[in-house]
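Reproduced below: work.txt, with compact mmCIF, C-alpha atoms.
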# COMPACT_ATOMS: atom_id res chain seq x y z
CA MET P 1 -3.09 -18.48 -21.51
CA THR P 2 -4.83 -15.17 -22.15
CA GLY P 3 -1.80 -12.93 -21.63
CA THR P 4 -3.68 -10.78 -19.12
CA THR P 5 -4.37 -10.74 -15.40
CA SER P 6 -7.90 -9.43 -15.84
CA SER P 7 -11.09 -11.41 -15.36
CA ARG P 8 -14.77 -10.66 -15.48
CA GLY P 9 -14.74 -9.76 -11.79
CA THR P 10 -11.78 -7.38 -12.10
CA ARG P 11 -13.31 -5.73 -15.16
CA VAL P 12 -16.49 -5.04 -13.20
CA LEU P 13 -14.43 -3.78 -10.26
CA GLY P 14 -12.40 -1.59 -12.62
CA ALA P 15 -15.55 -0.13 -14.17
CA LEU P 16 -16.93 0.68 -10.71
CA THR P 17 -13.65 2.33 -9.78
CA LEU P 18 -13.63 4.49 -12.92
CA ALA P 19 -17.25 5.51 -12.35
CA GLY P 20 -16.44 6.31 -8.73
CA MET P 21 -13.44 8.41 -9.75
CA ALA P 22 -15.60 10.40 -12.15
CA ALA P 23 -18.20 10.99 -9.43
CA LEU P 24 -15.50 11.96 -6.95
CA LEU P 25 -14.07 14.54 -9.35
CA LEU P 26 -17.55 15.98 -9.89
CA PHE P 27 -18.31 16.29 -6.18
CA ALA P 28 -14.80 17.36 -5.12
CA LEU P 29 -14.27 20.03 -7.77
CA VAL P 30 -17.80 21.21 -8.60
CA LEU P 31 -20.59 20.27 -6.22
CA SER P 32 -18.79 20.48 -2.88
CA PRO P 33 -18.58 24.06 -1.52
CA GLN P 34 -15.41 25.78 -0.43
CA ASP P 35 -14.54 25.89 3.26
CA GLU P 36 -15.14 29.03 5.31
CA VAL P 37 -11.56 29.00 6.62
CA GLN P 38 -9.46 27.11 4.07
CA GLY P 39 -11.38 28.17 0.98
CA GLU P 40 -10.70 26.15 -2.18
CA ALA P 41 -7.73 24.40 -0.53
CA VAL P 42 -10.17 22.15 1.31
CA ARG P 43 -10.60 20.17 -1.92
CA MET P 44 -7.25 18.53 -1.16
CA LEU P 45 -9.08 16.85 1.73
CA TYR P 46 -10.91 14.51 -0.66
CA VAL P 47 -7.64 12.97 -1.85
CA HIS P 48 -5.35 13.45 1.14
CA VAL P 49 -7.48 11.74 3.79
CA PRO P 50 -8.74 8.77 1.71
CA THR P 51 -5.28 7.90 0.39
CA ALA P 52 -3.89 8.02 3.94
CA ILE P 53 -6.64 5.80 5.38
CA VAL P 54 -6.44 3.25 2.57
CA ALA P 55 -2.62 3.23 2.75
CA PHE P 56 -2.81 2.47 6.49
CA THR P 57 -5.26 -0.34 5.69
CA ALA P 58 -2.86 -1.71 3.09
CA PHE P 59 -0.03 -1.81 5.63
CA PHE P 60 -2.18 -3.69 8.14
CA VAL P 61 -2.91 -6.23 5.39
CA THR P 62 0.87 -6.56 4.95
CA VAL P 63 1.30 -7.09 8.69
CA ALA P 64 -1.44 -9.75 8.71
CA GLY P 65 0.11 -11.47 5.70
CA SER P 66 3.53 -11.41 7.32
CA ILE P 67 2.20 -12.99 10.52
CA VAL P 68 0.39 -15.76 8.66
CA TYR P 69 3.43 -16.43 6.47
CA LEU P 70 5.74 -16.76 9.48
CA TRP P 71 3.17 -19.06 11.10
CA LYS P 72 2.11 -21.28 8.21
CA ARG P 73 4.56 -20.47 5.38
CA SER P 74 1.58 -19.61 3.17
CA GLU P 75 2.71 -18.42 -0.25
CA TRP P 76 -0.73 -16.86 -0.84
CA TRP P 77 -0.36 -14.62 2.21
CA ASP P 78 3.27 -13.87 1.39
CA ILE P 79 2.29 -12.56 -2.05
CA THR P 80 -0.68 -10.67 -0.61
CA ALA P 81 1.59 -8.94 1.90
CA HIS P 82 4.03 -8.01 -0.86
CA ALA P 83 1.36 -6.68 -3.24
CA SER P 84 -0.43 -4.74 -0.51
CA ALA P 85 2.79 -3.03 0.59
CA GLU P 86 3.54 -1.91 -2.96
CA ILE P 87 0.10 -0.35 -3.37
CA GLY P 88 0.24 1.16 0.11
CA ALA P 89 3.57 2.80 -0.75
CA VAL P 90 2.03 4.44 -3.83
CA LEU P 91 -0.97 5.66 -1.84
CA LEU P 92 1.20 6.96 0.98
CA GLY P 93 3.31 8.79 -1.58
CA ALA P 94 0.13 10.44 -2.86
CA THR P 95 -0.71 11.34 0.74
CA LEU P 96 2.65 13.03 1.22
CA VAL P 97 2.45 14.97 -2.04
CA SER P 98 -1.12 16.16 -1.47
CA GLY P 99 -0.26 17.02 2.12
CA MET P 100 2.73 19.09 1.04
CA LEU P 101 0.60 21.02 -1.45
CA TRP P 102 -2.07 21.55 1.19
CA GLY P 103 0.58 22.64 3.71
CA ARG P 104 1.98 25.19 1.28
CA VAL P 105 -1.44 26.85 1.11
CA SER P 106 -2.35 26.50 4.80
CA TRP P 107 1.03 26.98 6.52
CA GLY P 108 3.06 28.77 3.88
CA VAL P 109 5.63 25.95 3.65
CA TYR P 110 5.67 22.58 1.92
CA TRP P 111 7.19 20.74 4.86
CA THR P 112 7.73 21.10 8.58
CA TRP P 113 8.97 18.49 11.04
CA ASP P 114 5.59 18.18 12.66
CA ALA P 115 4.89 14.91 14.53
CA ARG P 116 2.34 13.68 11.98
CA LEU P 117 4.50 14.59 9.00
CA THR P 118 7.62 13.10 10.55
CA THR P 119 5.97 9.79 11.43
CA THR P 120 4.41 9.63 7.95
CA ALA P 121 7.83 10.14 6.36
CA LEU P 122 9.27 7.45 8.65
CA LEU P 123 6.48 5.07 7.66
CA PHE P 124 7.22 5.75 3.98
CA VAL P 125 10.92 4.96 4.54
CA PHE P 126 9.99 1.73 6.33
CA VAL P 127 7.77 0.50 3.51
CA LEU P 128 10.46 1.35 0.95
CA GLY P 129 12.89 -0.67 3.06
CA TYR P 130 10.42 -3.57 3.11
CA LEU P 131 10.15 -3.46 -0.68
CA ALA P 132 13.95 -3.31 -0.98
CA VAL P 133 14.21 -6.51 1.09
CA ARG P 134 11.77 -8.10 -1.36
CA ARG P 135 14.35 -7.56 -4.12
CA LEU P 136 17.37 -8.99 -2.33
CA PRO P 137 19.23 -11.62 -4.42
CA MET P 138 18.71 -14.65 -2.19
CA GLU P 139 16.68 -17.86 -2.02
CA ARG P 140 12.98 -16.98 -2.08
CA ASP P 141 11.89 -18.63 1.19
CA ARG P 142 14.69 -16.92 3.07
CA ARG P 143 13.88 -13.60 1.44
CA SER P 144 10.19 -13.97 2.29
CA ARG P 145 10.97 -14.74 5.94
CA LEU P 146 13.22 -11.69 6.22
CA ALA P 147 10.61 -9.50 4.51
CA ALA P 148 7.89 -10.79 6.85
CA VAL P 149 9.94 -9.82 9.90
CA VAL P 150 10.53 -6.34 8.47
CA GLY P 151 6.86 -6.13 7.53
CA LEU P 152 5.85 -6.50 11.16
CA LEU P 153 7.43 -3.09 11.84
CA LEU P 154 4.80 -1.46 9.65
CA GLY P 155 2.14 -2.21 12.27
CA PRO P 156 3.37 -0.14 15.24
CA THR P 157 4.70 2.59 12.92
CA THR P 158 1.29 2.95 11.27
CA ILE P 159 -0.42 3.13 14.67
CA VAL P 160 1.96 5.84 15.90
CA CYS P 161 1.46 7.77 12.65
CA HIS P 162 -2.33 7.54 12.93
CA TYR P 163 -2.47 8.75 16.54
CA ALA P 164 0.31 11.35 16.26
CA THR P 165 -2.15 14.26 16.28
CA THR P 166 -3.86 12.84 19.38
CA TRP P 167 -0.73 12.02 21.38
CA TRP P 168 1.21 15.20 20.57
CA ARG P 169 0.43 18.85 19.84
CA THR P 170 0.93 19.27 16.11
CA LEU P 171 0.32 21.76 13.33
CA HIS P 172 -1.56 19.03 11.49
CA GLN P 173 -5.25 19.12 12.36
CA GLY P 174 -6.70 16.31 14.45
CA PRO P 175 -9.33 13.74 13.50
CA THR P 176 -11.99 15.19 11.23
CA ILE P 177 -14.75 12.55 11.22
CA THR P 178 -13.97 10.12 14.05
CA ARG P 179 -14.89 12.52 16.84
CA LEU P 180 -18.42 12.71 18.30
CA ASN P 181 -19.11 16.02 16.54
CA PRO P 182 -17.42 15.92 13.11
CA GLU P 183 -16.04 19.18 11.80
CA ILE P 184 -17.66 18.65 8.40
CA ASP P 185 -21.12 17.54 7.36
CA GLY P 186 -23.53 17.63 4.46
CA ILE P 187 -22.14 17.37 0.96
CA MET P 188 -18.55 17.80 2.17
CA LEU P 189 -18.85 14.77 4.43
CA PHE P 190 -20.51 12.79 1.63
CA THR P 191 -17.67 13.69 -0.76
CA LEU P 192 -15.07 12.61 1.78
CA MET P 193 -16.84 9.28 2.32
CA LEU P 194 -17.12 8.83 -1.44
CA GLY P 195 -13.38 9.39 -1.73
CA MET P 196 -12.70 6.67 0.82
CA VAL P 197 -14.94 4.20 -1.02
CA VAL P 198 -13.38 5.03 -4.39
CA PHE P 199 -9.79 4.68 -3.19
CA ALA P 200 -10.71 1.45 -1.39
CA LEU P 201 -12.07 0.11 -4.70
CA LEU P 202 -8.89 1.22 -6.45
CA TYR P 203 -6.80 -0.55 -3.81
CA ALA P 204 -8.79 -3.77 -4.22
CA TRP P 205 -8.50 -3.64 -8.03
CA LEU P 206 -4.75 -3.01 -7.93
CA LEU P 207 -4.23 -5.65 -5.24
CA ILE P 208 -5.87 -8.38 -7.32
CA HIS P 209 -3.85 -7.55 -10.42
CA ARG P 210 -0.56 -7.16 -8.58
CA PHE P 211 -1.16 -10.43 -6.71
CA ARG P 212 -1.65 -12.25 -10.01
CA VAL P 213 1.50 -10.75 -11.51
CA LEU P 214 3.58 -11.71 -8.47
CA TRP P 215 2.12 -15.22 -8.50
CA LEU P 216 3.19 -15.60 -12.15
CA GLU P 217 6.64 -14.24 -11.27
CA HIS P 218 6.95 -16.95 -8.61
CA ARG P 219 5.99 -19.63 -11.13
CA VAL P 220 8.58 -18.34 -13.61
CA GLU P 221 11.16 -18.31 -10.82
CA ASP P 222 10.25 -21.91 -9.96
CA LEU P 223 10.63 -22.95 -13.60
CA GLY P 224 14.04 -21.29 -13.75
CA LEU P 225 15.11 -23.05 -10.55
CA ASP P 226 13.86 -26.40 -11.82
CA ALA P 227 15.76 -25.91 -15.08
CA ALA P 228 18.94 -24.99 -13.19
CA LEU P 229 18.63 -28.05 -10.94
CA ALA P 230 18.03 -30.31 -13.94
CA GLU P 231 21.11 -28.88 -15.63
CA ARG P 232 23.22 -29.44 -12.52
CA ARG P 233 21.98 -33.03 -12.23
CA SER P 234 22.80 -33.60 -15.89
CA GLU P 235 26.30 -32.20 -15.41
CA ALA P 236 26.82 -34.42 -12.35
CA GLU P 237 25.67 -37.51 -14.24
CA ASP P 238 27.91 -36.72 -17.21
CA GLY P 239 30.85 -36.13 -14.92
CA GLY P 240 30.30 -39.48 -13.22
CA THR P 241 30.12 -41.48 -16.48
CA LEU P 242 33.21 -43.41 -17.47
CA VAL P 243 34.23 -42.74 -21.06
CA PRO P 244 35.62 -45.94 -22.67
CA SER P 245 39.16 -45.81 -24.00
CA PRO P 246 39.55 -46.06 -27.77
Here is a file; write its structure as structure tokens.
Amino acid sequence: MTGTTSSRGTRVLGALTLAGMAALLLFALVLSPQDEVQGEAVRMLYVHVPTAIVAFTAFFVTVAGSIVYLWKRSEWWDITAHASAEIGAVLLGATLVSGMLWGRVSWGVYWTWDARLTTTALLFVFVLGYLAVRRLPMERDRRSRLAAVVGLLLGPTTIVCHYATTWWRTLHQGPTITRLNPEIDGIMLFTLMLGMVVFALLYAWLLIHRFRVLWLEHRVEDLGLDAALAERRSEAEDGGTLVPSP
């Protein structure tokens, strides 16, 4: 055993992610111009939007993993769903924090119960609930089935959160790049796309490592269960043995 979850592939992926982060910082903070309306605050865009999009992607991976687990009882997909939800929760937390900072500059307040903000907060609570189910003290297969059912709720909640600015009138601005005539172009659009690629690479790198850690945790749990069963069998056998009288 090497004592690490890294491999040649993950080291290459990690190096690409670090290089991408450096490039993103350069473009976001130096090369990209300020916005005519929002000024320097627009630089939050290069973190806020990519983390939101990649977090939504992570939750759809969790939904897919939950469906496959309920269908085929695949441990691989169960662990993938678990790992993806953990990373998605971190990214969504970054989305909320960056959004609050952006809102303070743009709206004058850190938080308002806008439809997009409210559904994002609800989604964050749901994923925390999913992760809490993952830690319940019960037999692993039962816990995984319960978590998979809860994980399915992330799908419709993520969809509602994504389309909140389209379905309702909100303070939060609508789609920036998915419309026919994007509101940004040139180097700003390139920086935003770079941010999405970089955070997608980060998600992939974290997902691989977290998957491997969870897989090892399952193996340790299996070893502990096997040891407990062996001990119980030994106790049963000793209890059933007749001890000869002196």
task: Within 8 Å of Ala55 of chain P, counting all atoms listed in the file, which residues show up once you throw out same-chain ones fewer than 5 positions away? Write them as a list of chain:residue names, please.
output: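 So the residues in contact are P:Ile87, P:Gly88, P:Ala89, P:Leu91, P:Leu92.
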query: What's the 7 Å shell around segment 57-69 of chain P, counting all atoms listed in the file, without same-chain residues fewer than 2 positions away, as number ranges by chain?
result: P: 53-55, 71-74, 77-78, 80-82, 84-85, 88, 148, 151-152, 154-155
List the neighbours of segment 22-25 of chain P out to 12 Å using only C-alpha atoms; skip same-chain residues closer than 3 positions along the sequence, and give me the result as a tab-separated table (two decimals) with C-alpha atoms, in the frame of the given file.
chain	number	residue	atom	x	y	z
P	15	ALA	CA	-15.55	-0.13	-14.17
P	16	LEU	CA	-16.93	0.68	-10.71
P	17	THR	CA	-13.65	2.33	-9.78
P	18	LEU	CA	-13.63	4.49	-12.92
P	19	ALA	CA	-17.25	5.51	-12.35
P	28	ALA	CA	-14.80	17.36	-5.12
P	29	LEU	CA	-14.27	20.03	-7.77
P	30	VAL	CA	-17.80	21.21	-8.60
P	31	LEU	CA	-20.59	20.27	-6.22
P	32	SER	CA	-18.79	20.48	-2.88
P	43	ARG	CA	-10.60	20.17	-1.92
P	44	MET	CA	-7.25	18.53	-1.16
P	45	LEU	CA	-9.08	16.85	1.73
P	46	TYR	CA	-10.91	14.51	-0.66
P	47	VAL	CA	-7.64	12.97	-1.85
P	50	PRO	CA	-8.74	8.77	1.71
P	187	ILE	CA	-22.14	17.37	0.96
P	188	MET	CA	-18.55	17.80	2.17
P	190	PHE	CA	-20.51	12.79	1.63
P	191	THR	CA	-17.67	13.69	-0.76
P	192	LEU	CA	-15.07	12.61	1.78
P	193	MET	CA	-16.84	9.28	2.32
P	194	LEU	CA	-17.12	8.83	-1.44
P	195	GLY	CA	-13.38	9.39	-1.73
P	196	MET	CA	-12.70	6.67	0.82
P	197	VAL	CA	-14.94	4.20	-1.02
P	198	VAL	CA	-13.38	5.03	-4.39
P	199	PHE	CA	-9.79	4.68	-3.19
One-decimal distance in Å that lies between atom CA of Glu217 of chain P and atom CA of Val133 of chain P: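 Atom CA of Glu217 of chain P lies 16.4 Å from atom CA of Val133 of chain P.
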- request: Point out the residue among P:Ala121, P:Glu86, P:Leu13, P:Trp102 with the least atom-to-atom distance to Leu214 of chain P, counting only C-alpha atoms.
  value: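 Of the candidates, the smallest distance to Leu214 of chain P is held by P:Glu86.
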- request: Could you tell me how far atom CA of Glu36 of chain P lies from atom CA of Gly103 of chain P, in Å and to one decimal?
  value: 17.0 Å
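As for atom CA of Val125 of chain P and atom CA of Trp168 of chain P, they are spaced 21.4 Å apart.
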